[in-house]
Amino acid sequence: MDKIENIFIKLGQLDRRFIFFLIGLSVLIPLLKPGLINIPIKTTSNSEIVFKELDNLNEGDKVLVSFAYGASTKPEIHPMSVAVLQHLFSKGVKVYTVPLWPEGLMMAKYAIEEVVESNLFNIKEHTNYISLPYKAGGEIIIRGIATDIRSIFRQDVNNILIDDIPMMNGINKITDFDFVFDLSAGVPGNAEWVQFACDENNVPLSSGCTSIMVTDAIPYVESGQIRGILAGMPGAAEYEQMVFKYLNEMGDSKFLNKEALIIPGKATSRMSAQSIAHLLMVVFIIFGNISYYMIRRRNN
Amino acid sequence: MKRQIAYFLVVFIGFLTLLGHFINYSPLNNFIDNDATQWFDIISGFAAFLGVINLLQLHLNKVTNKRANWEYSIVTLAGFTLMIIFGFIYNGSEVAMGPHLKEKGSAFYWMFENIYLPLGATMFALLAFFVASASYRAFKIRNFEATLLLISGIFLMIGRVPIGQLIPWWMALEIYICLIFAIIANRFKERKVMLYSLVIAMTTIPFLISFFNLSHLAIFKIPDLQEWIMAVPATAGSRAIMIGIALGTIAQSYRIITGRERSILGD
């Protein structure tokens, strides 16, 4: 019995480098061999709400998509950006991107480029989408968009006057948009959109954010101020699955190029890695606790 | 005098902004909604410039005086200078200066895509390793609160990923039984008694649950349980924190605009 106890005690005192190595392996193997572990992804109610909200939009509706994330959180947020844009373009919705972080400009560009290069939709800049430039100020910019967008933005990202862009006709403030979608990894993010723009103007808002932000955002989701939430990589994978199914089951549509290949996004393949890593962490915690119990018992 | 002018401006603009939300007077509302936001835009532009100067000063001082870890400051300054060169002086492509910041082919774009992006993602990815190591050491059944944290942490970790959906009801039940025994383990004087009780509980309770047809309950589905934790206890906790922060913000703002709080000017 003592030998077993000693083994458990040692398992609870592993060198942290060994833990790093195992975590590294648990992430690396599923990423290098995506087909090795195939775990089905089940959608959660919050992701389904987001999907239904965007699915209820009609052709020509105007959606403001806010990009408030950067390089560090790109692997987590970017897959949901692409899936959300795919869903919006498949409905013939007009997309207005606005970066609230300096890097958000590049993130919006990457997301749009990825959708354009997929050839799934015949979309053109200034007809189907417009990219607004980055302005410093965070929540002040959100406040400005809520009251007078033209006082904040005079040109688009290509330095073309927004007065000369037909897609901007009739867009003066937040109430001119039919929906706001926030993609964020911090401040300003979904909470600021609720507080400074969407809630008081009754503009529907949904959000996709990092897993770590969900706890802060969930009160707004439960109160209906944010309509559903895509929570981190799992949320992105769930949304990708729903959009993938939706695009595959879509009948004849003038917005979807049926000849193009519909492929699931990156988050789906990354979920196996996250699943294994989470499981490994739980195993570590269990071993750590058994060891802690045995040491305490021995000391007593 | 300098400070008094600065303080007068803070108090005046603070009151003006506050009144804009309570008085329906269009010039005032217009100032708050449009002019003030543009002022902020201009000031934040200057603030960014000041930040850049400050960063340079700080690291140059560190290098010249050879303070602790001054070697890292050289890397910061080198990175800073390189980005300035590729951003303002050398383009490296046919694209005009300005748009080159976001167009493929330019040196700045190449650096953003091939250096900054992977480095940023790497920094964030390192969290996975530290979280794993830290949770292994810190998540211990020390007392009731720590146990609650541990249990909800485990359920969230498993419930948030697809693997949680593969866990059958009986396995979730066995986890509950093990956790309950982990909590009450110290109350058993005889180790054998505890082990026998655990084995009996682990074998009989699943049969009882199955017999009474209770296996469909959400408590036995880890993803559902995870959603409940997020929707009820986590929401309640977050709301309490948010209300506390809001009250604190109101109190602090009141102190600032009435002149009681002077730390904002460095006093």
# chains A, B, ... in the order shown; residues from 1 in each chain; ligands from 1
$ residues_around --residues "Cys209 in chain A" --least-positions-apart "3" --cutoff "10 Å" --atoms "only C-alpha atoms" --output "ChimeraX atom specification"
/A:68-69,73,76-78,80,182-186,189-190,212-214,217,229-233,235-236
$ write_last_selection --atoms "N, CA and C atoms" --output "PDB file, in the first residue's frame"
ATOM      1  N   ALA A  68     -12.547  43.933 -32.550  1.00  0.00           N
ATOM      2  CA  ALA A  68     -11.770  44.410 -31.401  1.00  0.00           C
ATOM      3  C   ALA A  68     -10.909  43.276 -30.866  1.00  0.00           C
ATOM      4  N   TYR A  69     -10.071  42.759 -31.705  1.00  0.00           N
ATOM      5  CA  TYR A  69      -9.113  41.741 -31.260  1.00  0.00           C
ATOM      6  C   TYR A  69      -7.844  41.887 -32.086  1.00  0.00           C
ATOM      7  N   THR A  73      -5.111  37.035 -29.947  1.00  0.00           N
ATOM      8  CA  THR A  73      -6.366  36.284 -29.842  1.00  0.00           C
ATOM      9  C   THR A  73      -6.920  35.881 -31.206  1.00  0.00           C
ATOM     10  N   GLU A  76      -8.307  32.341 -31.711  1.00  0.00           N
ATOM     11  CA  GLU A  76      -9.564  32.053 -31.024  1.00  0.00           C
ATOM     12  C   GLU A  76     -10.763  32.754 -31.678  1.00  0.00           C
ATOM     13  N   ILE A  77     -10.571  34.009 -32.081  1.00  0.00           N
ATOM     14  CA  ILE A  77     -11.701  34.811 -32.566  1.00  0.00           C
ATOM     15  C   ILE A  77     -11.858  34.744 -34.086  1.00  0.00           C
ATOM     16  N   HIS A  78     -10.732  34.652 -34.782  1.00  0.00           N
ATOM     17  CA  HIS A  78     -10.794  34.784 -36.237  1.00  0.00           C
ATOM     18  C   HIS A  78     -11.706  33.749 -36.916  1.00  0.00           C
ATOM     19  N   MET A  80     -14.429  32.520 -35.905  1.00  0.00           N
ATOM     20  CA  MET A  80     -15.841  32.931 -35.807  1.00  0.00           C
ATOM     21  C   MET A  80     -16.123  34.162 -36.661  1.00  0.00           C
ATOM     22  N   ASP A 182     -20.390  42.116 -32.501  1.00  0.00           N
ATOM     23  CA  ASP A 182     -19.107  42.474 -31.891  1.00  0.00           C
ATOM     24  C   ASP A 182     -18.192  41.253 -31.830  1.00  0.00           C
ATOM     25  N   LEU A 183     -16.974  41.425 -32.295  1.00  0.00           N
ATOM     26  CA  LEU A 183     -15.957  40.369 -32.185  1.00  0.00           C
ATOM     27  C   LEU A 183     -14.854  40.946 -31.313  1.00  0.00           C
ATOM     28  N   SER A 184     -14.763  40.500 -30.071  1.00  0.00           N
ATOM     29  CA  SER A 184     -13.842  41.203 -29.182  1.00  0.00           C
ATOM     30  C   SER A 184     -13.050  40.283 -28.271  1.00  0.00           C
ATOM     31  N   ALA A 185     -11.919  40.844 -27.816  1.00  0.00           N
ATOM     32  CA  ALA A 185     -11.038  40.090 -26.922  1.00  0.00           C
ATOM     33  C   ALA A 185     -10.670  40.920 -25.696  1.00  0.00           C
ATOM     34  N   GLY A 186     -11.428  41.969 -25.438  1.00  0.00           N
ATOM     35  CA  GLY A 186     -11.106  42.811 -24.280  1.00  0.00           C
ATOM     36  C   GLY A 186     -11.917  44.088 -24.305  1.00  0.00           C
ATOM     37  N   GLY A 189     -15.257  46.217 -25.946  1.00  0.00           N
ATOM     38  CA  GLY A 189     -15.811  44.964 -26.461  1.00  0.00           C
ATOM     39  C   GLY A 189     -17.310  44.964 -26.325  1.00  0.00           C
ATOM     40  N   ASN A 190     -17.872  43.790 -26.077  1.00  0.00           N
ATOM     41  CA  ASN A 190     -19.337  43.675 -26.077  1.00  0.00           C
ATOM     42  C   ASN A 190     -20.008  44.542 -24.986  1.00  0.00           C
ATOM     43  N   ILE A 212     -12.350  33.691 -21.937  1.00  0.00           N
ATOM     44  CA  ILE A 212     -12.097  34.374 -20.674  1.00  0.00           C
ATOM     45  C   ILE A 212     -13.061  35.543 -20.444  1.00  0.00           C
ATOM     46  N   MET A 213     -13.627  36.086 -21.534  1.00  0.00           N
ATOM     47  CA  MET A 213     -14.534  37.241 -21.420  1.00  0.00           C
ATOM     48  C   MET A 213     -15.975  36.846 -21.133  1.00  0.00           C
ATOM     49  N   VAL A 214     -16.265  35.558 -21.320  1.00  0.00           N
ATOM     50  CA  VAL A 214     -17.666  35.123 -21.270  1.00  0.00           C
ATOM     51  C   VAL A 214     -18.309  35.412 -19.910  1.00  0.00           C
ATOM     52  N   ALA A 217     -19.473  38.840 -19.784  1.00  0.00           N
ATOM     53  CA  ALA A 217     -20.523  39.178 -20.756  1.00  0.00           C
ATOM     54  C   ALA A 217     -21.839  38.465 -20.466  1.00  0.00           C
ATOM     55  N   ILE A 229     -24.215  34.406 -27.538  1.00  0.00           N
ATOM     56  CA  ILE A 229     -22.777  34.706 -27.525  1.00  0.00           C
ATOM     57  C   ILE A 229     -22.002  33.505 -28.058  1.00  0.00           C
ATOM     58  N   LEU A 230     -20.974  33.807 -28.839  1.00  0.00           N
ATOM     59  CA  LEU A 230     -20.067  32.742 -29.300  1.00  0.00           C
ATOM     60  C   LEU A 230     -18.875  32.773 -28.354  1.00  0.00           C
ATOM     61  N   ALA A 231     -18.774  31.734 -27.551  1.00  0.00           N
ATOM     62  CA  ALA A 231     -17.781  31.754 -26.470  1.00  0.00           C
ATOM     63  C   ALA A 231     -16.500  31.050 -26.873  1.00  0.00           C
ATOM     64  N   GLY A 232     -15.501  31.825 -27.226  1.00  0.00           N
ATOM     65  CA  GLY A 232     -14.170  31.291 -27.515  1.00  0.00           C
ATOM     66  C   GLY A 232     -14.155  30.291 -28.655  1.00  0.00           C
ATOM     67  N   MET A 233     -13.116  29.472 -28.632  1.00  0.00           N
ATOM     68  CA  MET A 233     -12.939  28.480 -29.705  1.00  0.00           C
ATOM     69  C   MET A 233     -14.121  27.508 -29.808  1.00  0.00           C
ATOM     70  N   GLY A 235     -17.243  28.077 -29.154  1.00  0.00           N
ATOM     71  CA  GLY A 235     -18.326  28.836 -29.790  1.00  0.00           C
ATOM     72  C   GLY A 235     -18.074  28.987 -31.283  1.00  0.00           C
ATOM     73  N   ALA A 236     -16.806  29.241 -31.639  1.00  0.00           N
ATOM     74  CA  ALA A 236     -16.446  29.394 -33.054  1.00  0.00           C
ATOM     75  C   ALA A 236     -16.687  28.080 -33.791  1.00  0.00           C
TER      76      ALA A 236
END
$ residues_around --residues "Gly98 in chain B" --least-positions-apart "3" --cutoff "10 Å" --atoms "only C-alpha atoms" --output "PyMOL selection string"
(chain A and resi 158-159) or (chain B and resi 87-88+91+95+101-103)
$ interface_residues --of "chain B" --to "chain A" --cutoff "8 Å" --atoms "only C-alpha atoms" --output "short mmCIF file (atom, residue, chain, number, x, y, z; two decimals) with N, CA and C atoms, in the first residue's frame"
data_model
loop_
_atom_site.label_atom_id
_atom_site.label_comp_id
_atom_site.auth_asym_id
_atom_site.auth_seq_id
_atom_site.Cartn_x
_atom_site.Cartn_y
_atom_site.Cartn_z
N ASP B 33 -22.49 64.74 -27.74
CA ASP B 33 -22.53 63.61 -28.68
C ASP B 33 -21.53 63.74 -29.82
N ASN B 34 -21.29 64.95 -30.28
CA ASN B 34 -20.43 65.09 -31.47
C ASN B 34 -19.09 65.77 -31.19
N THR B 37 -16.71 64.05 -28.60
CA THR B 37 -16.11 62.80 -29.10
C THR B 37 -14.94 63.12 -30.05
N GLN B 38 -15.12 64.21 -30.83
CA GLN B 38 -14.02 64.59 -31.74
C GLN B 38 -12.83 65.15 -30.96
N PHE B 40 -12.02 64.23 -28.04
CA PHE B 40 -11.36 63.06 -27.47
C PHE B 40 -10.46 62.40 -28.51
N ASP B 41 -10.99 62.33 -29.73
CA ASP B 41 -10.24 61.72 -30.84
C ASP B 41 -8.90 62.43 -31.04
N SER B 44 -6.60 61.94 -27.96
CA SER B 44 -6.01 60.59 -27.89
C SER B 44 -4.91 60.42 -28.94
N GLY B 45 -5.01 61.16 -30.07
CA GLY B 45 -3.94 61.14 -31.08
C GLY B 45 -2.65 61.69 -30.48
N PRO B 99 -0.95 53.44 -47.81
CA PRO B 99 -1.65 52.15 -48.01
C PRO B 99 -0.71 50.94 -47.84
N LYS B 102 -1.12 48.24 -45.08
CA LYS B 102 -2.08 47.13 -45.09
C LYS B 102 -2.14 46.42 -46.44
N TYR B 116 5.07 39.78 -36.16
CA TYR B 116 4.18 40.24 -35.09
C TYR B 116 3.05 39.24 -34.78
N LEU B 117 2.39 38.79 -35.87
CA LEU B 117 1.25 37.87 -35.67
C LEU B 117 1.65 36.57 -34.98
N PRO B 118 2.67 35.86 -35.48
CA PRO B 118 3.05 34.61 -34.78
C PRO B 118 3.54 34.85 -33.36
N LEU B 119 4.25 35.97 -33.15
CA LEU B 119 4.75 36.25 -31.79
C LEU B 119 3.58 36.52 -30.83
N GLY B 120 2.61 37.30 -31.31
CA GLY B 120 1.42 37.60 -30.50
C GLY B 120 0.68 36.34 -30.12
N ALA B 121 0.46 35.47 -31.12
CA ALA B 121 -0.27 34.22 -30.87
C ALA B 121 0.53 33.33 -29.92
N THR B 122 1.85 33.34 -30.08
CA THR B 122 2.70 32.50 -29.21
C THR B 122 2.58 32.94 -27.75
N MET B 123 2.64 34.26 -27.55
CA MET B 123 2.53 34.78 -26.19
C MET B 123 1.24 34.32 -25.52
N PHE B 124 0.13 34.41 -26.27
CA PHE B 124 -1.16 34.03 -25.71
C PHE B 124 -1.23 32.52 -25.50
N ALA B 128 -1.69 28.49 -21.98
CA ALA B 128 -2.17 27.10 -21.82
C ALA B 128 -1.22 26.32 -20.93
N PHE B 129 0.07 26.52 -21.14
CA PHE B 129 1.08 25.78 -20.37
C PHE B 129 1.08 26.24 -18.91
N PHE B 130 1.02 27.55 -18.72
CA PHE B 130 1.07 28.07 -17.35
C PHE B 130 -0.21 27.73 -16.58
N ALA B 132 -2.10 25.14 -17.10
CA ALA B 132 -2.05 23.70 -16.78
C ALA B 132 -1.20 23.47 -15.54
N SER B 133 -0.02 24.07 -15.53
CA SER B 133 0.89 23.89 -14.41
C SER B 133 0.32 24.48 -13.12
N SER B 135 -2.90 25.14 -12.38
CA SER B 135 -4.09 24.45 -11.87
C SER B 135 -3.71 23.13 -11.21
N TYR B 136 -2.66 22.50 -11.71
CA TYR B 136 -2.17 21.24 -11.13
C TYR B 136 -1.69 21.48 -9.69
N ARG B 137 -1.09 22.64 -9.47
CA ARG B 137 -0.55 22.93 -8.15
C ARG B 137 -1.57 23.61 -7.21
N PHE B 139 -5.22 23.97 -7.64
CA PHE B 139 -6.58 23.45 -7.47
C PHE B 139 -6.58 22.29 -6.48
N LYS B 140 -6.60 22.60 -5.20
CA LYS B 140 -6.55 21.54 -4.18
C LYS B 140 -7.78 21.65 -3.28
N ILE B 141 -8.21 20.45 -2.78
CA ILE B 141 -9.37 20.44 -1.89
C ILE B 141 -8.89 20.84 -0.49
N ILE B 154 -13.54 22.08 -12.94
CA ILE B 154 -13.45 20.82 -13.69
C ILE B 154 -14.65 20.67 -14.63
N MET B 157 -14.23 23.01 -17.53
CA MET B 157 -13.16 22.58 -18.44
C MET B 157 -13.62 21.44 -19.34
N ILE B 158 -14.36 20.50 -18.75
CA ILE B 158 -14.81 19.36 -19.56
C ILE B 158 -16.07 19.72 -20.36
N ARG B 160 -17.05 22.55 -21.61
CA ARG B 160 -16.90 23.52 -22.70
C ARG B 160 -16.36 22.89 -23.98
N VAL B 161 -15.78 21.70 -23.88
CA VAL B 161 -15.18 21.08 -25.07
C VAL B 161 -16.01 19.86 -25.50
N PRO B 162 -15.91 19.50 -26.79
CA PRO B 162 -16.77 18.41 -27.29
C PRO B 162 -16.61 17.09 -26.54
N ILE B 163 -15.44 16.86 -25.95
CA ILE B 163 -15.22 15.59 -25.26
C ILE B 163 -16.21 15.42 -24.10
N GLN B 165 -19.29 16.03 -24.14
CA GLN B 165 -20.56 15.46 -24.61
C GLN B 165 -20.49 13.94 -24.73
N MET B 230 -22.72 28.57 -15.82
CA MET B 230 -22.50 29.88 -16.44
C MET B 230 -23.73 30.78 -16.32
N ALA B 231 -24.91 30.17 -16.50
CA ALA B 231 -26.14 30.98 -16.54
C ALA B 231 -26.61 31.42 -15.15
N ALA B 234 -22.50 31.87 -12.09
CA ALA B 234 -21.53 32.81 -12.69
C ALA B 234 -22.17 34.15 -12.99
N THR B 235 -23.43 34.12 -13.50
CA THR B 235 -24.13 35.37 -13.81
C THR B 235 -24.38 36.17 -12.52
N ALA B 236 -24.81 35.45 -11.48
CA ALA B 236 -25.08 36.13 -10.20
C ALA B 236 -23.81 36.80 -9.69
N SER B 238 -21.10 37.67 -11.41
CA SER B 238 -20.69 38.77 -12.31
C SER B 238 -21.54 40.01 -12.08
N ARG B 239 -22.86 39.79 -11.90
CA ARG B 239 -23.75 40.95 -11.68
C ARG B 239 -23.36 41.67 -10.40
#
$ residues_around --residues "Lys62 in chain A" --least-positions-apart "3" --cutoff "8 Å" --atoms "only C-alpha atoms" --output "ChimeraX atom specification"
/A:93-96,176-179
$ atom_distance --atom1 "CA of Ser81 in chain A" --atom2 "CA of Gly208 in chain A"
8.0 Å
$ select_by_dssp --residues "range 131-245 of chain B" --states "helix (DSSP H, G or I)" --output "ChimeraX atom specification"
/B:131-138,144-159,162-166,169-187,191-211,218-220,222-245
$ atom_distance --atom1 "CA of Ala251 in chain B" --atom2 "CA of Leu50 in chain B"
29.6 Å
$ residues_around --residues "range 214-229 of chain B" --least-positions-apart "5" --cutoff "7 Å" --atoms "only C-alpha atoms" --output "JSON, numbers by chain"
{"B": [155, 156, 159, 160, 164, 165, 169, 172, 173, 209, 234]}
$ write_last_selection --atoms "N, CA and C atoms" --output "JSON list (two decimals), in the first residue's frame"
[["chain", "number", "residue", "atom", "x", "y", "z"],
["B", 155, "PHE", "N", -15.85, 20.97, -14.12],
["B", 155, "PHE", "CA", -17.03, 20.82, -14.98],
["B", 155, "PHE", "C", -16.99, 21.80, -16.16],
["B", 156, "LEU", "N", -16.49, 23.00, -15.92],
["B", 156, "LEU", "CA", -16.40, 23.97, -17.02],
["B", 156, "LEU", "C", -15.37, 23.51, -18.04],
["B", 159, "GLY", "N", -16.95, 20.48, -19.73],
["B", 159, "GLY", "CA", -18.22, 20.79, -20.39],
["B", 159, "GLY", "C", -18.09, 21.71, -21.58],
["B", 160, "ARG", "N", -17.05, 22.55, -21.61],
["B", 160, "ARG", "CA", -16.90, 23.52, -22.70],
["B", 160, "ARG", "C", -16.36, 22.89, -23.98],
["B", 164, "GLY", "N", -16.67, 16.55, -23.54],
["B", 164, "GLY", "CA", -17.63, 16.52, -22.44],
["B", 164, "GLY", "C", -18.95, 15.88, -22.85],
["B", 165, "GLN", "N", -19.29, 16.03, -24.14],
["B", 165, "GLN", "CA", -20.56, 15.46, -24.61],
["B", 165, "GLN", "C", -20.49, 13.94, -24.73],
["B", 169, "TRP", "N", -23.91, 9.39, -18.73],
["B", 169, "TRP", "CA", -24.50, 9.84, -17.45],
["B", 169, "TRP", "C", -23.89, 9.12, -16.26],
["B", 172, "ALA", "N", -20.58, 10.55, -15.26],
["B", 172, "ALA", "CA", -20.76, 11.83, -14.54],
["B", 172, "ALA", "C", -21.15, 11.55, -13.09],
["B", 173, "LEU", "N", -22.02, 10.54, -12.92],
["B", 173, "LEU", "CA", -22.46, 10.17, -11.58],
["B", 173, "LEU", "C", -21.29, 9.66, -10.73],
["B", 209, "ILE", "N", -30.25, 4.99, -9.76],
["B", 209, "ILE", "CA", -30.60, 6.08, -10.70],
["B", 209, "ILE", "C", -31.28, 5.49, -11.94],
["B", 234, "ALA", "N", -22.50, 31.87, -12.09],
["B", 234, "ALA", "CA", -21.53, 32.81, -12.69],
["B", 234, "ALA", "C", -22.17, 34.15, -12.99]]
$ atom_distance --atom1 "CA of Ala68 in chain B" --atom2 "CA of Phe49 in chain B"
26.4 Å
$ residues_around --residues "Asp156 in chain A" --least-positions-apart "3" --cutoff "6 Å" --atoms "only C-alpha atoms" --output "count of residues only"
4
$ residues_around --residues "Gly265 in chain A" --least-positions-apart "6" --cutoff "8 Å" --atoms "only C-alpha atoms" --output "list in words"
Pro79, Ala83, Ala237 and Glu240 of chain A
